[in-house]
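Data first, discussion second: the structure below is written as structure tokens.
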Amino acid sequence: MHIQVNGAAIYCYTGGKAFDAAKPTVVFIHGVLNDHSVWALQSRYMANHGWNVLAIDLPGHCRSGGDAPATVEQAADFIGALLDAAGVQRAALVGHSWGSLIAMEAAARLKDRVSHLVLVGTAFPMKVSPALIEASQSDPEKALRMVNVFSRNTLAAPPSALGPGTWVFGTGMALGRRVLRSNPAVNVFHRGFVACDSYAGGEAAMAQLTCPVLFALGAQDQMTPPKAAQGLVNAARAAGQSVSIASLPVGHHQMTEAPEETLFALRDFLAR
């Protein structure tokens, strides 16, 4: 479905279920050059087990209108506006990679309006190599190939993710091309990477949280190695938050490379 947010039509995948603002709600936030489809298994499961699902395309991405956010802070403000527009008083936020920074910053701003925070493939600071930032602008196809090589630790997804024998590298390349083409006015690849690289508010955001946090980290992740999330883990614990850590035996695309393990960690955490 589409929801009008800040004057733009924002696409929200609901897992095939009618949206009911009276149910508990979970918002799924994708990373750079992705869209709602990366959460296919997790969003469908939650929608069929008592939750409202809003798996969004961020503004300016694929089926969503509006301006693509240029900073994590802008995207976090959008999440608050989305909840207001949907009539949702309280929600769980689940974000992957860039989406994890957005979810974290939004949770810090929304405070008690966020019931749970799930950070998948996160890091702080989430620095992006200058070569990759430059290539995302001058040669996006080269940068997309680099990202898909470093993000993956398998060539074929488990059957529960995208179907038996799915070529996840090729799928990732096709998705990235489609997302990039969806906005001819803005290079959302370059803009998203710059937003990740320039975000400086991670530990301050953690100090403002009022909800439990789950870190779902890929043990073989080369984009956001688990050790790069340790500062956030320490900041959350120092702030007195309940912290859970799920170590997944995969790379940076936890949702498709370990779909069931990612789902189970998410499901059990949200059930608390």
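Going by the structure tokens order, chains are called A, B, ..., each with residues numbered from 1, while ligands are numbered from 1 in the order shown.
For Glu260 (chain A), the non-local neighbours within 12 Å, defined as residues at least 4 positions apart in the same chain or in other chains and counting only C-alpha atoms, are A:Trp39, A:Ala40, A:Leu41, A:Gln42, A:Ser43, A:Tyr45, A:Ala157, A:Pro158, A:Pro159, A:Ser160, A:Ala161, A:Leu162, A:Leu248, A:Pro249, A:Gln254, A:Met255, A:Thr256, A:Phe264, A:Ala265, A:Leu266, A:Arg267, A:Asp268.
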* To do: Skip region 212-219 of chain A itself and residues of its chain fewer than 4 positions away, then list as a ChimeraX atom specification all residues within 6 Å of it, counting only C-alpha atoms.
  => /A:116-121,226,241-251
* Write out as a count of residues only all residues of region 89-232 of chain A that backbone DSSP assigns to strand (DSSP E or B). => 21
* Can you pull out every residue within 8 Å of Cys12 (chain A), counting only C-alpha atoms, but drop anything in the same chain fewer than 4 positions away, and send it as number ranges by chain? => A: 1-3, 36, 54-57
* Within 8 Å of Val26 (chain A), counting only C-alpha atoms, which residues qualify if same-chain residues fewer than 4 places away don't, as a PyMOL selection string? -> chain A and resi 51-54+91-94
Would you mind exporting N, CA, C and O atoms of the selected residues as a short mmCIF file (atom, residue, chain, number, x, y, z; two decimals), in the first residue's frame?
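Written output follows (out-v5.cif):
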data_model
loop_
_atom_site.label_atom_id
_atom_site.label_comp_id
_atom_site.auth_asym_id
_atom_site.auth_seq_id
_atom_site.Cartn_x
_atom_site.Cartn_y
_atom_site.Cartn_z
N TRP A 51 1.32 -9.34 13.53
CA TRP A 51 1.93 -8.01 13.47
C TRP A 51 1.48 -7.25 12.23
O TRP A 51 1.30 -7.84 11.16
N ASN A 52 1.30 -5.95 12.35
CA ASN A 52 1.31 -5.08 11.19
C ASN A 52 2.74 -5.01 10.67
O ASN A 52 3.67 -4.88 11.46
N VAL A 53 2.89 -5.04 9.38
CA VAL A 53 4.20 -4.89 8.76
C VAL A 53 4.19 -3.67 7.85
O VAL A 53 3.28 -3.50 7.03
N LEU A 54 5.18 -2.82 8.02
CA LEU A 54 5.45 -1.73 7.09
C LEU A 54 6.89 -1.89 6.62
O LEU A 54 7.82 -1.38 7.25
N ALA A 91 5.87 1.42 17.66
CA ALA A 91 6.30 0.41 16.70
C ALA A 91 7.67 -0.10 17.05
O ALA A 91 8.46 0.56 17.72
N ALA A 92 7.97 -1.29 16.56
CA ALA A 92 9.33 -1.83 16.57
C ALA A 92 10.01 -1.41 15.28
O ALA A 92 9.37 -1.39 14.21
N LEU A 93 11.28 -1.07 15.36
CA LEU A 93 12.05 -0.67 14.18
C LEU A 93 13.14 -1.69 13.90
O LEU A 93 13.89 -2.06 14.81
N VAL A 94 13.21 -2.14 12.65
CA VAL A 94 14.21 -3.12 12.22
C VAL A 94 14.93 -2.53 11.02
O VAL A 94 14.30 -2.22 10.00
#
* **CA of Ala200 (chain A) to CA of Asp84 (chain A), straight-line distance in Å** => 26.3 Å
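Here CA of Ala85 (chain A) stands at a distance of 18.7 Å from CA of His61 (chain A).
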Would you mind listing what lies within 7 Å of Val179 (chain A) as a JSON list (two decimals) with N, CA, C and O atoms, in the first residue's frame, with only C-alpha atoms counted and same-chain residues fewer than 5 positions away left out?
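Generated file (out.json):
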[["chain", "number", "residue", "atom", "x", "y", "z"],
["A", 33, "LEU", "N", 20.82, 1.17, -1.78],
["A", 33, "LEU", "CA", 20.51, 0.54, -3.06],
["A", 33, "LEU", "C", 19.71, -0.76, -2.89],
["A", 33, "LEU", "O", 19.84, -1.69, -3.69],
["A", 34, "ASN", "N", 18.90, -0.81, -1.86],
["A", 34, "ASN", "CA", 17.96, -1.90, -1.65],
["A", 34, "ASN", "C", 16.54, -1.34, -1.62],
["A", 34, "ASN", "O", 16.34, -0.14, -1.75],
["A", 61, "HIS", "N", 13.12, 6.06, -3.58],
["A", 61, "HIS", "CA", 13.60, 4.73, -3.93],
["A", 61, "HIS", "C", 12.42, 3.90, -4.48],
["A", 61, "HIS", "O", 11.38, 3.79, -3.83],
["A", 62, "CYS", "N", 12.60, 3.34, -5.64],
["A", 62, "CYS", "CA", 11.66, 2.40, -6.26],
["A", 62, "CYS", "C", 10.23, 2.93, -6.27],
["A", 62, "CYS", "O", 9.94, 3.89, -6.96]]
* What are the DSSP alpha helix (DSSP H) residues of region 2-183 of chain A, as a PyMOL selection string? -> chain A and resi 40-47+72-86+98-110+130-138+140-151+168-181
* Could you name the residues that touch Ala143 (chain A) at 10 Å or less, counting only C-alpha atoms, but leaving out those on the same chain fewer than 6 positions away, as an NGL selection string? -> :A and (131-137 or 149 or 189-190)
Write the residues of the preceding selection, restricted to all heavy atoms, as a PDB file, in the first residue's frame.
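Output saved as selection-v5.pdb:
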ATOM      1  N   ALA A 131      37.339   5.058  -2.237  1.00  0.00           N
ATOM      2  CA  ALA A 131      37.285   4.480  -3.583  1.00  0.00           C
ATOM      3  C   ALA A 131      35.877   4.027  -3.932  1.00  0.00           C
ATOM      4  O   ALA A 131      35.414   4.195  -5.072  1.00  0.00           O
ATOM      5  CB  ALA A 131      38.258   3.309  -3.686  1.00  0.00           C
ATOM      6  N   LEU A 132      35.183   3.456  -2.951  1.00  0.00           N
ATOM      7  CA  LEU A 132      33.825   2.985  -3.197  1.00  0.00           C
ATOM      8  C   LEU A 132      32.853   4.156  -3.330  1.00  0.00           C
ATOM      9  O   LEU A 132      31.958   4.134  -4.183  1.00  0.00           O
ATOM     10  CB  LEU A 132      33.392   2.051  -2.067  1.00  0.00           C
ATOM     11  CG  LEU A 132      32.114   1.244  -2.273  1.00  0.00           C
ATOM     12  CD1 LEU A 132      32.133   0.507  -3.603  1.00  0.00           C
ATOM     13  CD2 LEU A 132      31.927   0.267  -1.122  1.00  0.00           C
ATOM     14  N   ILE A 133      33.024   5.178  -2.511  1.00  0.00           N
ATOM     15  CA  ILE A 133      32.173   6.367  -2.632  1.00  0.00           C
ATOM     16  C   ILE A 133      32.366   7.001  -4.009  1.00  0.00           C
ATOM     17  O   ILE A 133      31.389   7.375  -4.684  1.00  0.00           O
ATOM     18  CB  ILE A 133      32.480   7.375  -1.514  1.00  0.00           C
ATOM     19  CG1 ILE A 133      31.999   6.838  -0.162  1.00  0.00           C
ATOM     20  CG2 ILE A 133      31.822   8.726  -1.809  1.00  0.00           C
ATOM     21  CD1 ILE A 133      32.281   7.763   0.998  1.00  0.00           C
ATOM     22  N   GLU A 134      33.628   7.110  -4.444  1.00  0.00           N
ATOM     23  CA  GLU A 134      33.906   7.720  -5.743  1.00  0.00           C
ATOM     24  C   GLU A 134      33.322   6.879  -6.873  1.00  0.00           C
ATOM     25  O   GLU A 134      32.705   7.401  -7.814  1.00  0.00           O
ATOM     26  CB  GLU A 134      35.417   7.878  -5.913  1.00  0.00           C
ATOM     27  CG  GLU A 134      35.826   8.775  -7.083  1.00  0.00           C
ATOM     28  CD  GLU A 134      35.789   8.072  -8.425  1.00  0.00           C
ATOM     29  OE1 GLU A 134      36.019   6.850  -8.463  1.00  0.00           O
ATOM     30  OE2 GLU A 134      35.528   8.757  -9.439  1.00  0.00           O
ATOM     31  N   ALA A 135      33.500   5.562  -6.785  1.00  0.00           N
ATOM     32  CA  ALA A 135      32.989   4.679  -7.834  1.00  0.00           C
ATOM     33  C   ALA A 135      31.464   4.689  -7.883  1.00  0.00           C
ATOM     34  O   ALA A 135      30.874   4.563  -8.965  1.00  0.00           O
ATOM     35  CB  ALA A 135      33.499   3.255  -7.608  1.00  0.00           C
ATOM     36  N   SER A 136      30.804   4.841  -6.737  1.00  0.00           N
ATOM     37  CA  SER A 136      29.336   4.870  -6.730  1.00  0.00           C
ATOM     38  C   SER A 136      28.797   6.026  -7.547  1.00  0.00           C
ATOM     39  O   SER A 136      27.662   5.991  -8.023  1.00  0.00           O
ATOM     40  CB  SER A 136      28.810   4.934  -5.295  1.00  0.00           C
ATOM     41  OG  SER A 136      29.081   6.189  -4.695  1.00  0.00           O
ATOM     42  N   GLN A 137      29.630   7.065  -7.726  1.00  0.00           N
ATOM     43  CA  GLN A 137      29.225   8.230  -8.513  1.00  0.00           C
ATOM     44  C   GLN A 137      29.736   8.152  -9.948  1.00  0.00           C
ATOM     45  O   GLN A 137      28.987   8.401 -10.890  1.00  0.00           O
ATOM     46  CB  GLN A 137      29.728   9.505  -7.856  1.00  0.00           C
ATOM     47  CG  GLN A 137      29.236  10.791  -8.528  1.00  0.00           C
ATOM     48  CD  GLN A 137      29.542  12.007  -7.687  1.00  0.00           C
ATOM     49  OE1 GLN A 137      30.649  12.150  -7.175  1.00  0.00           O
ATOM     50  NE2 GLN A 137      28.559  12.880  -7.529  1.00  0.00           N
ATOM     51  N   VAL A 149      30.231  -8.374  -4.190  1.00  0.00           N
ATOM     52  CA  VAL A 149      31.297  -9.330  -3.887  1.00  0.00           C
ATOM     53  C   VAL A 149      31.597  -9.323  -2.390  1.00  0.00           C
ATOM     54  O   VAL A 149      31.664 -10.372  -1.739  1.00  0.00           O
ATOM     55  CB  VAL A 149      32.566  -9.006  -4.698  1.00  0.00           C
ATOM     56  CG1 VAL A 149      33.761  -9.789  -4.145  1.00  0.00           C
ATOM     57  CG2 VAL A 149      32.360  -9.335  -6.167  1.00  0.00           C
ATOM     58  N   PHE A 189      22.627   5.698  -4.831  1.00  0.00           N
ATOM     59  CA  PHE A 189      23.775   4.881  -4.438  1.00  0.00           C
ATOM     60  C   PHE A 189      24.800   5.774  -3.731  1.00  0.00           C
ATOM     61  O   PHE A 189      25.171   5.545  -2.570  1.00  0.00           O
ATOM     62  CB  PHE A 189      24.371   4.261  -5.693  1.00  0.00           C
ATOM     63  CG  PHE A 189      25.293   3.094  -5.485  1.00  0.00           C
ATOM     64  CD1 PHE A 189      25.548   2.565  -4.231  1.00  0.00           C
ATOM     65  CD2 PHE A 189      25.904   2.494  -6.587  1.00  0.00           C
ATOM     66  CE1 PHE A 189      26.383   1.474  -4.067  1.00  0.00           C
ATOM     67  CE2 PHE A 189      26.738   1.405  -6.448  1.00  0.00           C
ATOM     68  CZ  PHE A 189      26.988   0.901  -5.190  1.00  0.00           C
ATOM     69  N   HIS A 190      25.241   6.804  -4.421  1.00  0.00           N
ATOM     70  CA  HIS A 190      26.235   7.724  -3.874  1.00  0.00           C
ATOM     71  C   HIS A 190      25.677   8.460  -2.659  1.00  0.00           C
ATOM     72  O   HIS A 190      26.356   8.587  -1.628  1.00  0.00           O
ATOM     73  CB  HIS A 190      26.651   8.727  -4.957  1.00  0.00           C
ATOM     74  CG  HIS A 190      27.678   9.714  -4.506  1.00  0.00           C
ATOM     75  ND1 HIS A 190      27.357  11.009  -4.138  1.00  0.00           N
ATOM     76  CD2 HIS A 190      29.022   9.608  -4.352  1.00  0.00           C
ATOM     77  CE1 HIS A 190      28.448  11.648  -3.786  1.00  0.00           C
ATOM     78  NE2 HIS A 190      29.482  10.828  -3.907  1.00  0.00           N
TER      79      HIS A 190
END
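Take the candidates A:Ser115, A:Ala81, A:Glu73, A:Asp197 and check each one against Ala271 (chain A) using only C-alpha atoms; the shortest distance goes to A:Ser115.
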* Asked: Excluding same-chain residues fewer than 3 positions from region 231-233 of chain A, what lies within 8 Å of it counting only C-alpha atoms, as an NGL selection string?
  -> :A and (123-124 or 202-203 or 206 or 215 or 228 or 236-237 or 243)
